[in-house]
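Visitor: Structure below; questions to follow.
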Amino acid sequence: MSVARQNFGSSVEAAINSQLNLHFRTSHLFLGFAAYFDQDGVALPGFARFYKKLSQNERETAFKLIDYQNKRGGKVVLSEVPAPPVQISESVSPAFASLELALQISKDVNGSLLKLQSLAAEENDPATTDFVEGEFLQKQVDLINLYTTTLTQARRAGDGLGLYLFDRNVSDSV
């Protein structure tokens with residue numbers, strides 16, 4: 001056991017490991033989206049940059065959680081990051097489908113963060129409660145808003161020329 005460990009329960013430690021692995025999986029999924037949109041047959045470089053930036057943000061969040069876990073005397077447990085299980089639907093606009101999935105994942109991540117914050121409060125761990133609130137919750141609300149707004153604007157632009165023009169600016173929103 002680490003000498004740095006104080007008021008840091010094993011359930012909170014496990015929840016942090018679960019959270020950081022969720023962020024790595026999300027990063028991997030967004031990296032897959034970036035690669036998809038960068039293909040010459042899809043050719044939406046704005047969406048490729050958009051998802052590459054989001055992938056980097058998710059990875060940075062996972063690293064923040066790793067640093068925090070280590071500071072508290074916890075043990076980081078990384079799980080396998082599987083290939084993204086979801087393929088982008090070709091029956092509807094891939095841009096719309098990816099944004100809908102990103103929105104849903106962001107809501108799931110937010111729910112997981114809220115559970116972590118609640119668990120830390122139940123375990124009387126104000127340091128973790130403060131860390132989650134200060135570092136992640138508002139950013140997650142902002143991301144949900146970003147996906148919602150971007151999806152609405154992409155739908156408004158429509159497929160074809162509208163999507164092409166929208167693609168030119170989408171990466172600037174991150």
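Here, A, B, ... name the chains of the structure tokens in the order displayed, residue numbers run from 1 inside each chain, and ligands are numbered from 1 in the same displayed order.
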Extract, using only C-alpha atoms, all DNA, RNA and protein residues at most 9 Å from Val77 of chain A, discarding same-chain residues fewer than 6 positions from it, and format them as an MDAnalysis selection string.

Guide: chainID A and resid 14 17:18 21

Visitor: Which residues of segment 28-75 of chain A come within 12 Å of segment 92-101 of chain A, and for each one, what is the closest pair of atoms and their distance in Å to one decimal, counting only C-alpha atoms, sorted by chain and residue number, as a tab-separated table?

Guide:
residue	atom	partner	partner_atom	distance
A:Leu29	CA	A:Ser98	CA	10.0
A:Phe30	CA	A:Ser98	CA	9.0
A:Leu31	CA	A:Ser98	CA	11.8
A:Gly32	CA	A:Ser98	CA	10.5
A:Phe33	CA	A:Ser98	CA	7.3
A:Ala34	CA	A:Ser98	CA	10.2
A:Tyr36	CA	A:Pro94	CA	9.4
A:Phe37	CA	A:Ala95	CA	8.4
A:Val42	CA	A:Pro94	CA	9.0
A:Ala43	CA	A:Ala95	CA	11.3
A:Leu44	CA	A:Ala95	CA	8.8
A:Pro45	CA	A:Ala95	CA	11.5
A:Gly46	CA	A:Ala95	CA	10.6
A:Phe47	CA	A:Ala95	CA	7.6
A:Ala48	CA	A:Ala95	CA	10.2
A:Phe50	CA	A:Leu99	CA	10.6
A:Tyr51	CA	A:Ser98	CA	9.6
A:Leu54	CA	A:Leu99	CA	11.8

Visitor: Keeping N, CA and C atoms for every residue in the selection just given, could you write it to a file as a short mmCIF file (atom, residue, chain, number, x, y, z; two decimals), in the first residue's frame?

Guide:
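Final output, saved to out_0.cif:
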data_model
loop_
_atom_site.label_atom_id
_atom_site.label_comp_id
_atom_site.auth_asym_id
_atom_site.auth_seq_id
_atom_site.Cartn_x
_atom_site.Cartn_y
_atom_site.Cartn_z
N LEU A 29 -12.43 5.33 -30.18
CA LEU A 29 -13.57 5.42 -31.10
C LEU A 29 -13.48 6.68 -31.95
N PHE A 30 -13.17 7.82 -31.31
CA PHE A 30 -13.06 9.08 -32.05
C PHE A 30 -11.89 9.05 -33.03
N LEU A 31 -10.82 8.36 -32.68
CA LEU A 31 -9.71 8.20 -33.61
C LEU A 31 -10.16 7.40 -34.83
N GLY A 32 -10.98 6.38 -34.60
CA GLY A 32 -11.55 5.62 -35.72
C GLY A 32 -12.43 6.50 -36.61
N PHE A 33 -13.22 7.38 -35.98
CA PHE A 33 -14.02 8.32 -36.76
C PHE A 33 -13.12 9.23 -37.60
N ALA A 34 -12.05 9.72 -36.99
CA ALA A 34 -11.13 10.61 -37.70
C ALA A 34 -10.55 9.91 -38.92
N TYR A 36 -11.84 7.39 -40.54
CA TYR A 36 -12.92 7.17 -41.51
C TYR A 36 -13.15 8.42 -42.37
N PHE A 37 -13.31 9.56 -41.71
CA PHE A 37 -13.61 10.79 -42.46
C PHE A 37 -12.43 11.29 -43.28
N VAL A 42 -14.43 9.25 -48.58
CA VAL A 42 -15.34 10.02 -47.72
C VAL A 42 -15.01 11.50 -47.83
N ALA A 43 -13.73 11.82 -47.70
CA ALA A 43 -13.18 13.16 -47.96
C ALA A 43 -13.91 14.28 -47.22
N LEU A 44 -14.00 14.12 -45.89
CA LEU A 44 -14.51 15.20 -45.05
C LEU A 44 -13.41 15.56 -44.04
N PRO A 45 -12.41 16.32 -44.49
CA PRO A 45 -11.25 16.60 -43.64
C PRO A 45 -11.59 17.41 -42.40
N GLY A 46 -12.62 18.22 -42.45
CA GLY A 46 -13.02 18.97 -41.26
C GLY A 46 -13.51 18.04 -40.16
N PHE A 47 -14.32 17.05 -40.54
CA PHE A 47 -14.78 16.07 -39.56
C PHE A 47 -13.60 15.23 -39.06
N ALA A 48 -12.65 14.93 -39.92
CA ALA A 48 -11.46 14.18 -39.50
C ALA A 48 -10.70 14.97 -38.44
N PHE A 50 -11.92 17.38 -36.53
CA PHE A 50 -12.84 17.49 -35.40
C PHE A 50 -12.69 16.28 -34.48
N TYR A 51 -12.76 15.09 -35.06
CA TYR A 51 -12.67 13.88 -34.24
C TYR A 51 -11.25 13.60 -33.75
N LEU A 54 -10.99 15.72 -30.69
CA LEU A 54 -11.78 15.13 -29.61
C LEU A 54 -11.10 13.89 -29.05
#

Visitor: When DSSP is applied to the backbone of this structure, which of segment 5-146 of chain A are assigned helix (DSSP H, G or I)? Write them out as a ChimeraX atom specification.

Guide: /A:10-38,45-71,94-122,126-146

Visitor: Find the spatial neighbours of Lys64 of chain A, counting only C-alpha atoms, within a cut-off of 12 Å - ignore same-chain residues fewer than 3 positions away - and output them as a ChimeraX atom specification.

Guide: /A:16-17,19-21,23-24,57-61,67-71,76,131-132,135-136
